[in-house]
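Okay, run.pdb now, which holds PDB, C-alpha atoms:
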ATOM      1  CA  MET A  19      -2.408   5.796 -12.810  1.00  0.00           C
ATOM      2  CA  ILE A  20      -3.099   5.925  -9.069  1.00  0.00           C
ATOM      3  CA  GLU A  21      -0.283   5.862  -6.519  1.00  0.00           C
ATOM      4  CA  ILE A  22      -0.881   4.549  -3.019  1.00  0.00           C
ATOM      5  CA  LYS A  23       1.674   6.193  -0.747  1.00  0.00           C
ATOM      6  CA  ALA A  24       2.795   5.613   2.818  1.00  0.00           C
ATOM      7  CA  SER A  25       0.842   7.899   5.136  1.00  0.00           C
ATOM      8  CA  MET A  26       3.699   7.869   7.656  1.00  0.00           C
ATOM      9  CA  ALA A  27       7.120   6.315   8.156  1.00  0.00           C
ATOM     10  CA  GLY A  28       7.021   2.699   9.287  1.00  0.00           C
ATOM     11  CA  THR A  29       7.556  -0.936   8.427  1.00  0.00           C
ATOM     12  CA  VAL A  30       5.491  -2.864   5.885  1.00  0.00           C
ATOM     13  CA  LEU A  31       3.769  -5.649   7.840  1.00  0.00           C
ATOM     14  CA  ASN A  32       1.874  -7.281   5.017  1.00  0.00           C
ATOM     15  CA  VAL A  33       1.169  -6.683   1.334  1.00  0.00           C
ATOM     16  CA  LEU A  34      -2.403  -7.821   0.732  1.00  0.00           C
ATOM     17  CA  VAL A  35      -2.423  -7.660  -3.093  1.00  0.00           C
ATOM     18  CA  ALA A  36      -0.215  -8.674  -6.021  1.00  0.00           C
ATOM     19  CA  ALA A  37       0.293  -7.330  -9.538  1.00  0.00           C
ATOM     20  CA  GLY A  38      -2.749  -8.106 -11.671  1.00  0.00           C
ATOM     21  CA  ASP A  39      -5.212  -8.206  -8.756  1.00  0.00           C
ATOM     22  CA  GLU A  40      -8.455  -6.250  -9.114  1.00  0.00           C
ATOM     23  CA  VAL A  41      -9.232  -4.010  -6.140  1.00  0.00           C
ATOM     24  CA  THR A  42     -12.271  -2.008  -5.111  1.00  0.00           C
ATOM     25  CA  ALA A  43     -12.452   1.401  -3.485  1.00  0.00           C
ATOM     26  CA  GLY A  44     -11.902   1.077   0.261  1.00  0.00           C
ATOM     27  CA  GLN A  45     -10.237  -2.347   0.044  1.00  0.00           C
ATOM     28  CA  ASP A  46      -7.163  -2.695   2.273  1.00  0.00           C
ATOM     29  CA  VAL A  47      -4.085  -3.254   0.102  1.00  0.00           C
ATOM     30  CA  ILE A  48      -1.163  -2.948   2.528  1.00  0.00           C
ATOM     31  CA  MET A  49      -0.574  -2.903   6.302  1.00  0.00           C
ATOM     32  CA  LEU A  50       2.051  -0.661   7.882  1.00  0.00           C
ATOM     33  CA  GLU A  51       3.334  -0.678  11.444  1.00  0.00           C
ATOM     34  CA  SER A  52       4.352   2.618  12.984  1.00  0.00           C
ATOM     35  CA  MET A  53       4.741   3.561  16.631  1.00  0.00           C
ATOM     36  CA  LYS A  54       3.439   0.086  17.639  1.00  0.00           C
ATOM     37  CA  MET A  55       0.193   0.656  15.713  1.00  0.00           C
ATOM     38  CA  GLU A  56      -1.066  -1.186  12.646  1.00  0.00           C
ATOM     39  CA  ILE A  57      -2.138   1.186   9.889  1.00  0.00           C
ATOM     40  CA  PRO A  58      -4.143  -0.221   6.965  1.00  0.00           C
ATOM     41  CA  LEU A  59      -3.827   1.593   3.635  1.00  0.00           C
ATOM     42  CA  ASP A  60      -6.746   1.206   1.271  1.00  0.00           C
ATOM     43  CA  SER A  61      -7.409   1.725  -2.387  1.00  0.00           C
ATOM     44  CA  PRO A  62      -8.881   5.161  -3.144  1.00  0.00           C
ATOM     45  CA  GLU A  63     -10.849   3.765  -6.107  1.00  0.00           C
ATOM     46  CA  ASN A  64     -11.512   0.655  -8.186  1.00  0.00           C
ATOM     47  CA  GLY A  65      -8.654  -0.545 -10.342  1.00  0.00           C
ATOM     48  CA  VAL A  66      -6.062  -3.191 -11.149  1.00  0.00           C
ATOM     49  CA  VAL A  67      -2.732  -3.458  -9.326  1.00  0.00           C
ATOM     50  CA  GLU A  68      -0.074  -2.541 -11.876  1.00  0.00           C
ATOM     51  CA  GLU A  69       2.989  -2.705  -9.601  1.00  0.00           C
ATOM     52  CA  VAL A  70       3.818  -3.444  -5.963  1.00  0.00           C
ATOM     53  CA  LYS A  71       6.899  -1.461  -4.943  1.00  0.00           C
ATOM     54  CA  ALA A  72       7.213  -2.688  -1.331  1.00  0.00           C
ATOM     55  CA  GLU A  73       7.368  -6.018   0.433  1.00  0.00           C
ATOM     56  CA  SER A  74       6.943  -7.242   3.995  1.00  0.00           C
ATOM     57  CA  GLY A  75       9.728  -6.039   6.259  1.00  0.00           C
ATOM     58  CA  ASP A  76      10.616  -2.964   4.178  1.00  0.00           C
ATOM     59  CA  PHE A  77      11.023   0.333   6.035  1.00  0.00           C
ATOM     60  CA  VAL A  78       9.219   3.136   4.201  1.00  0.00           C
ATOM     61  CA  ASN A  79       9.118   6.887   4.646  1.00  0.00           C
ATOM     62  CA  GLU A  80       6.057   9.100   4.537  1.00  0.00           C
ATOM     63  CA  GLY A  81       5.145   9.723   0.910  1.00  0.00           C
ATOM     64  CA  ASP A  82       6.927   6.676  -0.539  1.00  0.00           C
ATOM     65  CA  VAL A  83       4.938   5.057  -3.364  1.00  0.00           C
ATOM     66  CA  LEU A  84       3.995   1.538  -2.292  1.00  0.00           C
ATOM     67  CA  ILE A  85       1.490   0.401  -4.909  1.00  0.00           C
ATOM     68  CA  ILE A  86       0.554   1.639  -8.383  1.00  0.00           C
ATOM     69  CA  LEU A  87      -2.980   1.024  -9.656  1.00  0.00           C
ATOM     70  CA  LYS A  88      -4.437   1.353 -13.116  1.00  0.00           C
ATOM     71  CA  ALA A  89      -8.001   2.706 -13.006  1.00  0.00           C
TER      72      ALA A  89
END
Produce structure tokens that represent the structure in this file.
Amino acid sequence: MIEIKASMAGTVLNVLVAAGDEVTAGQDVIMLESMKMEIPLDSPENGVVEEVKAESGDFVNEGDVLIILKA
């Protein structure tokens, strides 16, 4: 199991994947907004999205788990 976590506190702008989607290493999976900047978070490796724990508009803190992948 691979956890994709928020790299900093901010607001979820857009979730780019859904449960069941296949992703590849380096693929953007979620966009955060923090300090008026857009921060893309990508998948660290190939896998399948097992669970999406955030949705657009959510405020997240650094270290919060946003997406769980199954390798």
Please identify all polymer residues within 9 Å of Glu69 of chain A, counting all atoms listed in the file, omitting same-chain residues fewer than 3 positions from it, and present them as a list in words. Ala36, Ala37, Gly38, Leu84, Ile85, Ile86 and Leu87 of chain A
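For the set A:Asn79, A:Asn32, A:Ser61, A:Ser74, the residue with the smallest atom-to-atom gap to Ile48 of chain A is A:Asn32, counting all atoms listed in the file.
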A:Glu56, A:Asp46, A:Glu73, A:Glu40: which is nearest Ala89 of chain A, counting only C-alpha atoms?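 Going through A:Glu56, A:Asp46, A:Glu73, A:Glu40 one by one, the smallest distance to Ala89 of chain A is for A:Glu40.
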At what distance in Å, to one decimal, does atom CA of Gln45 of chain A lie from atom CA of Glu63 of chain A?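 Between atom CA of Glu63 of chain A and atom CA of Gln45 of chain A the gap is 8.7 Å.
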Smallest atom-to-atom distance to Val66 of chain A: which of A:Met53, A:Met19, A:Val33, A:Ala27, using all atoms listed in the file?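 Residue with the minimum atom-to-atom distance to Val66 of chain A: A:Met19.
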Contact residues around Gly81 of chain A with only C-alpha atoms at 8 Å, ignoring same-chain residues under 2 positions, as a PyMOL selection string: chain A and resi 23-26+79+83
Show which residues sit within 9 Å of Asp76 of chain A, as JSON, numbers by chain. Count only C-alpha atoms, and ignore same-chain residues fewer than 6 positions away. {"A": [28, 29, 30, 31]}
Which distance in Å separates atom CA of Val78 of chain A and atom CA of Ser52 of chain A, to one decimal?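 Interatomic distance here is 10.1 Å.
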Between atom CA of Asp82 of chain A and atom CA of Thr42 of chain A, what is the spacing in Å?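 Straight-line distance from atom CA of Thr42 of chain A to atom CA of Asp82 of chain A works out to 21.6 Å.
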Add whatever atoms are absent from segment 52-76 of chain A to reach N, CA, C and O atoms, and provide the output as an mmCIF file, in the frame of the given file.
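Final output, rebuild-v7.cif:
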data_model
loop_
_atom_site.group_PDB
_atom_site.id
_atom_site.type_symbol
_atom_site.label_atom_id
_atom_site.label_comp_id
_atom_site.auth_asym_id
_atom_site.auth_seq_id
_atom_site.Cartn_x
_atom_site.Cartn_y
_atom_site.Cartn_z
ATOM 1 N N SER A 52 3.633 1.409 12.591
ATOM 2 C CA SER A 52 4.352 2.618 12.984
ATOM 3 C C SER A 52 3.975 2.941 14.412
ATOM 4 O O SER A 52 2.788 2.919 14.769
ATOM 5 N N MET A 53 4.961 3.221 15.224
ATOM 6 C CA MET A 53 4.741 3.561 16.631
ATOM 7 C C MET A 53 3.868 2.512 17.341
ATOM 8 O O MET A 53 2.944 2.840 18.069
ATOM 9 N N LYS A 54 4.133 1.234 17.048
ATOM 10 C CA LYS A 54 3.439 0.086 17.639
ATOM 11 C C LYS A 54 1.953 0.021 17.274
ATOM 12 O O LYS A 54 1.171 -0.632 17.950
ATOM 13 N N MET A 55 1.576 0.705 16.197
ATOM 14 C CA MET A 55 0.193 0.656 15.713
ATOM 15 C C MET A 55 0.186 0.062 14.315
ATOM 16 O O MET A 55 1.121 0.270 13.538
ATOM 17 N N GLU A 56 -0.879 -0.677 13.993
ATOM 18 C CA GLU A 56 -1.066 -1.186 12.646
ATOM 19 C C GLU A 56 -1.926 -0.198 11.867
ATOM 20 O O GLU A 56 -2.989 0.204 12.339
ATOM 21 N N ILE A 57 -1.438 0.200 10.700
ATOM 22 C CA ILE A 57 -2.138 1.186 9.889
ATOM 23 C C ILE A 57 -2.472 0.570 8.535
ATOM 24 O O ILE A 57 -1.570 0.316 7.729
ATOM 25 N N PRO A 58 -3.764 0.314 8.280
ATOM 26 C CA PRO A 58 -4.143 -0.221 6.965
ATOM 27 C C PRO A 58 -4.200 0.910 5.934
ATOM 28 O O PRO A 58 -4.661 2.013 6.235
ATOM 29 N N LEU A 59 -3.689 0.651 4.748
ATOM 30 C CA LEU A 59 -3.827 1.593 3.635
ATOM 31 C C LEU A 59 -4.780 0.968 2.638
ATOM 32 O O LEU A 59 -4.645 -0.211 2.295
ATOM 33 N N ASP A 60 -5.752 1.763 2.184
ATOM 34 C CA ASP A 60 -6.746 1.206 1.271
ATOM 35 C C ASP A 60 -6.677 1.866 -0.097
ATOM 36 O O ASP A 60 -6.025 2.887 -0.288
ATOM 37 N N SER A 61 -7.356 1.221 -1.023
ATOM 38 C CA SER A 61 -7.409 1.725 -2.387
ATOM 39 C C SER A 61 -8.385 2.895 -2.456
ATOM 40 O O SER A 61 -9.515 2.780 -1.971
ATOM 41 N N PRO A 62 -7.977 4.016 -3.057
ATOM 42 C CA PRO A 62 -8.881 5.161 -3.144
ATOM 43 C C PRO A 62 -10.000 4.963 -4.171
ATOM 44 O O PRO A 62 -11.008 5.651 -4.118
ATOM 45 N N GLU A 63 -9.812 4.043 -5.110
ATOM 46 C CA GLU A 63 -10.849 3.765 -6.107
ATOM 47 C C GLU A 63 -10.657 2.377 -6.706
ATOM 48 O O GLU A 63 -9.671 1.707 -6.418
ATOM 49 N N ASN A 64 -11.605 1.953 -7.519
ATOM 50 C CA ASN A 64 -11.512 0.655 -8.186
ATOM 51 C C ASN A 64 -10.379 0.671 -9.200
ATOM 52 O O ASN A 64 -10.110 1.699 -9.823
ATOM 53 N N GLY A 65 -9.727 -0.464 -9.360
ATOM 54 C CA GLY A 65 -8.654 -0.545 -10.342
ATOM 55 C C GLY A 65 -7.973 -1.902 -10.335
ATOM 56 O O GLY A 65 -8.424 -2.842 -9.684
ATOM 57 N N VAL A 66 -6.863 -1.980 -11.066
ATOM 58 C CA VAL A 66 -6.062 -3.191 -11.149
ATOM 59 C C VAL A 66 -4.661 -2.833 -10.672
ATOM 60 O O VAL A 66 -4.107 -1.806 -11.063
ATOM 61 N N VAL A 67 -4.084 -3.698 -9.830
ATOM 62 C CA VAL A 67 -2.732 -3.458 -9.326
ATOM 63 C C VAL A 67 -1.756 -3.616 -10.482
ATOM 64 O O VAL A 67 -1.666 -4.676 -11.090
ATOM 65 N N GLU A 68 -1.052 -2.524 -10.791
ATOM 66 C CA GLU A 68 -0.074 -2.541 -11.876
ATOM 67 C C GLU A 68 1.308 -2.936 -11.356
ATOM 68 O O GLU A 68 2.034 -3.677 -11.996
ATOM 69 N N GLU A 69 1.667 -2.419 -10.163
ATOM 70 C CA GLU A 69 2.989 -2.705 -9.601
ATOM 71 C C GLU A 69 2.957 -2.584 -8.085
ATOM 72 O O GLU A 69 2.332 -1.683 -7.547
ATOM 73 N N VAL A 70 3.632 -3.514 -7.416
ATOM 74 C CA VAL A 70 3.818 -3.444 -5.963
ATOM 75 C C VAL A 70 5.282 -3.105 -5.734
ATOM 76 O O VAL A 70 6.173 -3.834 -6.160
ATOM 77 N N LYS A 71 5.535 -1.965 -5.088
ATOM 78 C CA LYS A 71 6.899 -1.461 -4.943
ATOM 79 C C LYS A 71 7.477 -1.703 -3.546
ATOM 80 O O LYS A 71 8.567 -1.241 -3.249
ATOM 81 N N ALA A 72 6.746 -2.414 -2.695
ATOM 82 C CA ALA A 72 7.213 -2.688 -1.331
ATOM 83 C C ALA A 72 6.902 -4.128 -0.986
ATOM 84 O O ALA A 72 6.003 -4.736 -1.562
ATOM 85 N N GLU A 73 7.647 -4.664 -0.038
ATOM 86 C CA GLU A 73 7.368 -6.018 0.433
ATOM 87 C C GLU A 73 7.456 -6.044 1.954
ATOM 88 O O GLU A 73 7.999 -5.128 2.577
ATOM 89 N N SER A 74 6.945 -7.104 2.538
ATOM 90 C CA SER A 74 6.943 -7.242 3.995
ATOM 91 C C SER A 74 8.354 -7.065 4.545
ATOM 92 O O SER A 74 9.313 -7.606 4.003
ATOM 93 N N GLY A 75 8.451 -6.277 5.612
ATOM 94 C CA GLY A 75 9.728 -6.039 6.259
ATOM 95 C C GLY A 75 10.431 -4.774 5.800
ATOM 96 O O GLY A 75 11.352 -4.301 6.463
ATOM 97 N N ASP A 76 10.001 -4.199 4.668
ATOM 98 C CA ASP A 76 10.616 -2.964 4.178
ATOM 99 C C ASP A 76 10.298 -1.799 5.116
ATOM 100 O O ASP A 76 9.170 -1.677 5.594
#
